[in-house]
Amino acid sequence: MTITSAPLDTRPDPRPLKRRIGIAIEAYLYSAPALILIVAVMLVPLVLGISYAFRDIQLLKPFSGGFIGLEHFRELAKDKAFYGALQNTLWWTGASVFLQFLFGLILALLLDKPFWGRGVIQALVFLPWAVPTFLTGLNWAWLFNPVIGPIPHWLYALGLMSEPGNILSDPHYAMWGPIIANVWWGIPFFAITLLAALQAIPRDLYEAAAIDGAGGFQRFRSITLPFLAPTIAITVLLRTVWIANFADLIVVMTNGGPADRTQIVASYIFTQAFKRLDFGYASAIALVLLILLMAYSMLVVLLRQTMLNKD
């Protein structure tokens, strides 16, 4: 039996030209409001911010605004405060993400087990995520204050401090204050996402592994972690980018002090833009931070894709 293909219809479209054009652009018209909003809210400010990095924009100089090329980046290459802020950013981001992920994973594993009152416990665990960051920083700054806060007195009672003092004013320990506040505030993000991923794992796999004699740690290593790996990669990527750009707690609790020991790149941008009113130099710093975070994001995405291809 032979199969013959139907001849192509070469007749001209009888519909009017306006009708054909309307059908062709119909999908674009439906998406136009969203595209216009994205361009107006995201792309235009991004392009303007990048352009500021190559211009002299200082509010205290009325005649500034001219094009200066790479002058800001040459100045940035010699800025020791920037390199110090970059080191602090690595410490601030790495410690915050690691501790948030660790405690978030523990909470997700605990909440994945059925027990009486689990709904109430979940609501309490996720409550910090609903607290505004400004209020979070203010509350933790009060808690670390030895005059009105209990934490210094608890540390003194445990023998961890020689006297009740404010660690936010100690150059050696000041960074731990915002890190602790950030961990408390950000644990629910990992707990929520990891709990959702845990509940998507088929329970039959655990039952089969238990029948085969696998212990709890073996089931966690062989079943839980492989299923959680894609979610872990995405959540760690998002939180790393978020925390690296997250200056709220630093500004509220320490304002970058003492002696710039808690100054991160994001708070340094805030200092240059809104205290020194040098928007050109602040935009140059922001552009460097954007490039570093984009490079990091590409590495994580490539790593995740490599893991998925191996599976």
# chains A, B, ... in the order shown; residues from 1 in each chain; ligands from 1
call {"tool": "residues_around", "arguments": {"residues": "A:Ala284", "least_positions_apart": "6", "cutoff": "8 Å", "atoms": "only C-alpha atoms", "output": "ChimeraX atom specification"}}
result
/A:50,52-54,72-73
call {"tool": "residues_around", "arguments": {"residues": "A:Asn145", "least_positions_apart": "3", "cutoff": "10 Å", "atoms": "only C-alpha atoms", "output": "ChimeraX atom specification"}}
result
/A:139-142,148-153,164-169
call {"tool": "write_last_selection", "arguments": {"atoms": "all heavy atoms", "output": "compact mmCIF listing (two decimals), in the first residue's frame"}}
result
# COMPACT_ATOMS: atom_id res chain seq x y z
N ASN A 139 15.03 44.55 66.56
CA ASN A 139 14.81 43.68 67.71
C ASN A 139 16.09 42.98 68.15
O ASN A 139 16.40 42.89 69.35
CB ASN A 139 13.73 42.64 67.38
CG ASN A 139 12.35 43.24 67.32
OD1 ASN A 139 12.09 44.28 67.92
ND2 ASN A 139 11.45 42.59 66.61
N TRP A 140 16.85 42.48 67.19
CA TRP A 140 18.09 41.79 67.54
C TRP A 140 19.14 42.76 68.07
O TRP A 140 19.97 42.40 68.92
CB TRP A 140 18.62 41.01 66.35
CG TRP A 140 17.93 39.69 66.18
CD1 TRP A 140 16.88 39.39 65.37
CD2 TRP A 140 18.24 38.48 66.89
NE1 TRP A 140 16.52 38.08 65.52
CE2 TRP A 140 17.33 37.49 66.44
CE3 TRP A 140 19.19 38.14 67.84
CZ2 TRP A 140 17.36 36.19 66.91
CZ3 TRP A 140 19.22 36.83 68.32
CH2 TRP A 140 18.31 35.88 67.86
N ALA A 141 19.15 43.99 67.57
CA ALA A 141 20.06 44.99 68.13
C ALA A 141 19.73 45.26 69.59
O ALA A 141 20.64 45.43 70.43
CB ALA A 141 19.99 46.28 67.32
N TRP A 142 18.45 45.30 69.92
CA TRP A 142 18.05 45.45 71.33
C TRP A 142 18.46 44.23 72.15
O TRP A 142 18.91 44.35 73.29
CB TRP A 142 16.54 45.65 71.42
CG TRP A 142 16.09 46.98 70.94
CD1 TRP A 142 16.85 48.11 70.79
CD2 TRP A 142 14.76 47.35 70.52
NE1 TRP A 142 16.09 49.14 70.31
CE2 TRP A 142 14.80 48.72 70.13
CE3 TRP A 142 13.56 46.66 70.44
CZ2 TRP A 142 13.69 49.40 69.68
CZ3 TRP A 142 12.43 47.34 69.98
CH2 TRP A 142 12.50 48.69 69.61
N ILE A 148 19.41 46.67 77.85
CA ILE A 148 18.00 46.25 77.78
C ILE A 148 17.84 44.83 77.25
O ILE A 148 16.73 44.30 77.29
CB ILE A 148 17.19 47.21 76.87
CG1 ILE A 148 17.79 47.24 75.46
CG2 ILE A 148 17.14 48.60 77.47
CD1 ILE A 148 17.01 48.10 74.48
N GLY A 149 18.90 44.20 76.78
CA GLY A 149 18.79 42.88 76.18
C GLY A 149 19.37 41.79 77.06
O GLY A 149 20.30 42.03 77.84
N PRO A 150 18.85 40.56 76.95
CA PRO A 150 19.32 39.48 77.82
C PRO A 150 20.51 38.70 77.29
O PRO A 150 21.20 38.03 78.08
CB PRO A 150 18.08 38.57 77.90
CG PRO A 150 17.42 38.75 76.57
CD PRO A 150 17.67 40.18 76.16
N ILE A 151 20.79 38.75 76.00
CA ILE A 151 21.80 37.86 75.43
C ILE A 151 23.18 38.09 76.04
O ILE A 151 23.86 37.11 76.39
CB ILE A 151 21.82 38.01 73.90
CG1 ILE A 151 20.52 37.47 73.30
CG2 ILE A 151 23.02 37.28 73.29
CD1 ILE A 151 20.44 37.55 71.79
N PRO A 152 23.68 39.31 76.20
CA PRO A 152 25.00 39.48 76.82
C PRO A 152 25.08 38.89 78.23
O PRO A 152 26.11 38.33 78.62
CB PRO A 152 25.20 41.01 76.84
CG PRO A 152 24.35 41.51 75.74
CD PRO A 152 23.15 40.61 75.74
N HIS A 153 24.00 39.00 78.99
CA HIS A 153 24.00 38.45 80.34
C HIS A 153 23.97 36.92 80.31
O HIS A 153 24.58 36.27 81.18
CB HIS A 153 22.79 39.00 81.10
CG HIS A 153 22.79 40.50 81.22
ND1 HIS A 153 23.54 41.17 82.17
CD2 HIS A 153 22.14 41.46 80.50
CE1 HIS A 153 23.36 42.47 82.04
NE2 HIS A 153 22.51 42.67 81.03
N PRO A 164 29.19 41.40 80.69
CA PRO A 164 28.10 41.62 79.73
C PRO A 164 28.39 42.84 78.85
O PRO A 164 28.31 43.99 79.31
CB PRO A 164 26.87 41.86 80.62
CG PRO A 164 27.25 41.30 81.94
CD PRO A 164 28.73 41.48 82.08
N GLY A 165 28.72 42.60 77.63
CA GLY A 165 29.02 43.68 76.69
C GLY A 165 28.25 43.50 75.39
O GLY A 165 27.67 42.44 75.12
N ASN A 166 28.25 44.52 74.59
CA ASN A 166 27.55 44.50 73.30
C ASN A 166 28.51 44.00 72.23
O ASN A 166 29.49 44.68 71.90
CB ASN A 166 27.04 45.90 72.96
CG ASN A 166 26.07 45.88 71.79
OD1 ASN A 166 25.94 44.89 71.07
ND2 ASN A 166 25.36 46.98 71.60
N ILE A 167 28.24 42.81 71.69
CA ILE A 167 29.14 42.27 70.68
C ILE A 167 29.09 43.08 69.39
O ILE A 167 30.01 43.02 68.57
CB ILE A 167 28.83 40.79 70.38
CG1 ILE A 167 27.49 40.66 69.66
CG2 ILE A 167 28.85 39.96 71.64
CD1 ILE A 167 27.24 39.27 69.12
N LEU A 168 28.02 43.85 69.19
CA LEU A 168 27.93 44.67 67.98
C LEU A 168 28.95 45.80 67.97
O LEU A 168 29.21 46.39 66.92
CB LEU A 168 26.52 45.25 67.85
CG LEU A 168 25.38 44.24 67.72
CD1 LEU A 168 24.05 44.95 67.59
CD2 LEU A 168 25.59 43.32 66.53
N SER A 169 29.52 46.11 69.11
CA SER A 169 30.56 47.14 69.18
C SER A 169 31.94 46.55 69.30
O SER A 169 32.92 47.29 69.42
CB SER A 169 30.28 48.07 70.38
OG SER A 169 30.31 47.34 71.59
call {"tool": "residues_around", "arguments": {"residues": "stretch 202-206 of chain A", "least_positions_apart": "5", "cutoff": "9 Å", "atoms": "only C-alpha atoms", "output": "list in words"}}
result
Ile211, Ala214, Arg219 and Ile223 of chain A
call {"tool": "closest_residue", "arguments": {"among": "A:Met42, A:Ile250, A:Ile243, A:Ala210", "to": "A:Leu138", "atoms": "only C-alpha atoms"}}
result
A:Ile250
call {"tool": "closest_atom_pairs", "arguments": {"of": "stretch 165-264 of chain A", "to": "stretch 89-99 of chain A", "cutoff": "6 Å", "atoms": "only C-alpha atoms", "output": "tab-separated table"}}
result
residue	atom	partner	partner_atom	distance
A:Ile179	CA	A:Ser96	CA	5.7
A:Val183	CA	A:Ser96	CA	5.8
A:Ile243	CA	A:Thr93	CA	5.9
A:Ala244	CA	A:Thr93	CA	5.7
A:Ile264	CA	A:Thr89	CA	4.8
call {"tool": "residues_around", "arguments": {"residues": "A:Thr235", "least_positions_apart": "6", "cutoff": "12 Å", "atoms": "only C-alpha atoms", "output": "number ranges by chain"}}
result
A: 97-98, 100-101, 104-105, 186-194, 197, 228-229, 241-243, 297, 300-301, 304
call {"tool": "atom_distance", "arguments": {"atom1": "atom CA of A:Gly256", "atom2": "atom CA of A:Lys80"}}
result
14.8 Å
call {"tool": "residues_around", "arguments": {"residues": "A:Gly65", "least_positions_apart": "2", "cutoff": "7 Å", "atoms": "only C-alpha atoms", "output": "PyMOL selection string"}}
result
chain A and resi 55-57+63+67
call {"tool": "closest_residue", "arguments": {"among": "A:Ser51, A:Gln218, A:Arg20, A:Leu225", "to": "A:Leu70", "atoms": "only C-alpha atoms"}}
result
A:Ser51
call {"tool": "select_by_dssp", "arguments": {"residues": "stretch 127-255 of chain A", "states": "alpha helix (DSSP H)", "output": "ChimeraX atom specification"}}
result
/A:133-144,151-157,176-199,203-211,216-219,225-244,248-253
call {"tool": "closest_residue", "arguments": {"among": "A:Trp176, A:Trp154, A:Phe115, A:Trp185", "to": "A:Trp129", "atoms": "only C-alpha atoms"}}
result
A:Trp185
call {"tool": "residues_around", "arguments": {"residues": "stretch 267-273 of chain A", "least_positions_apart": "3", "cutoff": "7 Å", "atoms": "only C-alpha atoms", "output": "NGL selection string"}}
result
:A and (247 or 250-251 or 256 or 263-264 or 276-279 or 282 or 285-286)
call {"tool": "residues_around", "arguments": {"residues": "stretch 111-113 of chain A", "least_positions_apart": "5", "cutoff": "8 Å", "atoms": "only C-alpha atoms", "output": "PDB file with all heavy atoms, in the first residue's frame"}}
result
ATOM      1  N   ARG A 118       1.245  19.471  64.465  1.00  0.00           N
ATOM      2  CA  ARG A 118       2.253  19.845  63.474  1.00  0.00           C
ATOM      3  C   ARG A 118       1.884  21.138  62.747  1.00  0.00           C
ATOM      4  O   ARG A 118       2.761  21.945  62.428  1.00  0.00           O
ATOM      5  CB  ARG A 118       2.435  18.710  62.462  1.00  0.00           C
ATOM      6  CG  ARG A 118       3.524  18.989  61.437  1.00  0.00           C
ATOM      7  CD  ARG A 118       3.829  17.793  60.571  1.00  0.00           C
ATOM      8  NE  ARG A 118       2.692  17.408  59.739  1.00  0.00           N
ATOM      9  CZ  ARG A 118       2.777  16.534  58.727  1.00  0.00           C
ATOM     10  NH1 ARG A 118       3.930  15.950  58.461  1.00  0.00           N
ATOM     11  NH2 ARG A 118       1.705  16.231  58.030  1.00  0.00           N
ATOM     12  N   GLN A 122       4.317  24.339  62.491  1.00  0.00           N
ATOM     13  CA  GLN A 122       4.729  24.880  61.196  1.00  0.00           C
ATOM     14  C   GLN A 122       4.468  26.380  61.117  1.00  0.00           C
ATOM     15  O   GLN A 122       5.313  27.137  60.614  1.00  0.00           O
ATOM     16  CB  GLN A 122       3.985  24.165  60.065  1.00  0.00           C
ATOM     17  CG  GLN A 122       4.466  22.756  59.790  1.00  0.00           C
ATOM     18  CD  GLN A 122       3.704  22.109  58.656  1.00  0.00           C
ATOM     19  OE1 GLN A 122       2.689  22.635  58.209  1.00  0.00           O
ATOM     20  NE2 GLN A 122       4.165  20.966  58.202  1.00  0.00           N
ATOM     21  N   LEU A 195      10.860  21.218  52.795  1.00  0.00           N
ATOM     22  CA  LEU A 195       9.727  20.416  53.242  1.00  0.00           C
ATOM     23  C   LEU A 195       8.835  20.038  52.061  1.00  0.00           C
ATOM     24  O   LEU A 195       8.360  18.897  51.967  1.00  0.00           O
ATOM     25  CB  LEU A 195       8.918  21.178  54.289  1.00  0.00           C
ATOM     26  CG  LEU A 195       7.669  20.474  54.840  1.00  0.00           C
ATOM     27  CD1 LEU A 195       8.042  19.159  55.497  1.00  0.00           C
ATOM     28  CD2 LEU A 195       6.932  21.382  55.828  1.00  0.00           C
ATOM     29  N   LEU A 198      10.613  17.300  50.248  1.00  0.00           N
ATOM     30  CA  LEU A 198      10.562  16.042  50.999  1.00  0.00           C
ATOM     31  C   LEU A 198       9.220  15.347  50.833  1.00  0.00           C
ATOM     32  O   LEU A 198       9.151  14.124  50.685  1.00  0.00           O
ATOM     33  CB  LEU A 198      10.825  16.315  52.488  1.00  0.00           C
ATOM     34  CG  LEU A 198      12.274  16.554  52.911  1.00  0.00           C
ATOM     35  CD1 LEU A 198      12.332  17.004  54.363  1.00  0.00           C
ATOM     36  CD2 LEU A 198      13.100  15.285  52.726  1.00  0.00           C
ATOM     37  N   GLN A 199       8.147  16.122  50.860  1.00  0.00           N
ATOM     38  CA  GLN A 199       6.822  15.531  50.751  1.00  0.00           C
ATOM     39  C   GLN A 199       6.536  15.006  49.348  1.00  0.00           C
ATOM     40  O   GLN A 199       5.575  14.257  49.160  1.00  0.00           O
ATOM     41  CB  GLN A 199       5.770  16.563  51.151  1.00  0.00           C
ATOM     42  CG  GLN A 199       5.817  16.929  52.627  1.00  0.00           C
ATOM     43  CD  GLN A 199       4.833  18.008  53.018  1.00  0.00           C
ATOM     44  OE1 GLN A 199       4.290  18.701  52.155  1.00  0.00           O
ATOM     45  NE2 GLN A 199       4.601  18.172  54.313  1.00  0.00           N
TER      46      GLN A 199
END
call {"tool": "atom_distance", "arguments": {"atom1": "atom CA of A:Phe217", "atom2": "atom CA of A:Leu110"}}
result
14.5 Å
call {"tool": "atom_distance", "arguments": {"atom1": "atom CA of A:Glu163", "atom2": "atom CA of A:Gly137"}}
result
23.5 Å
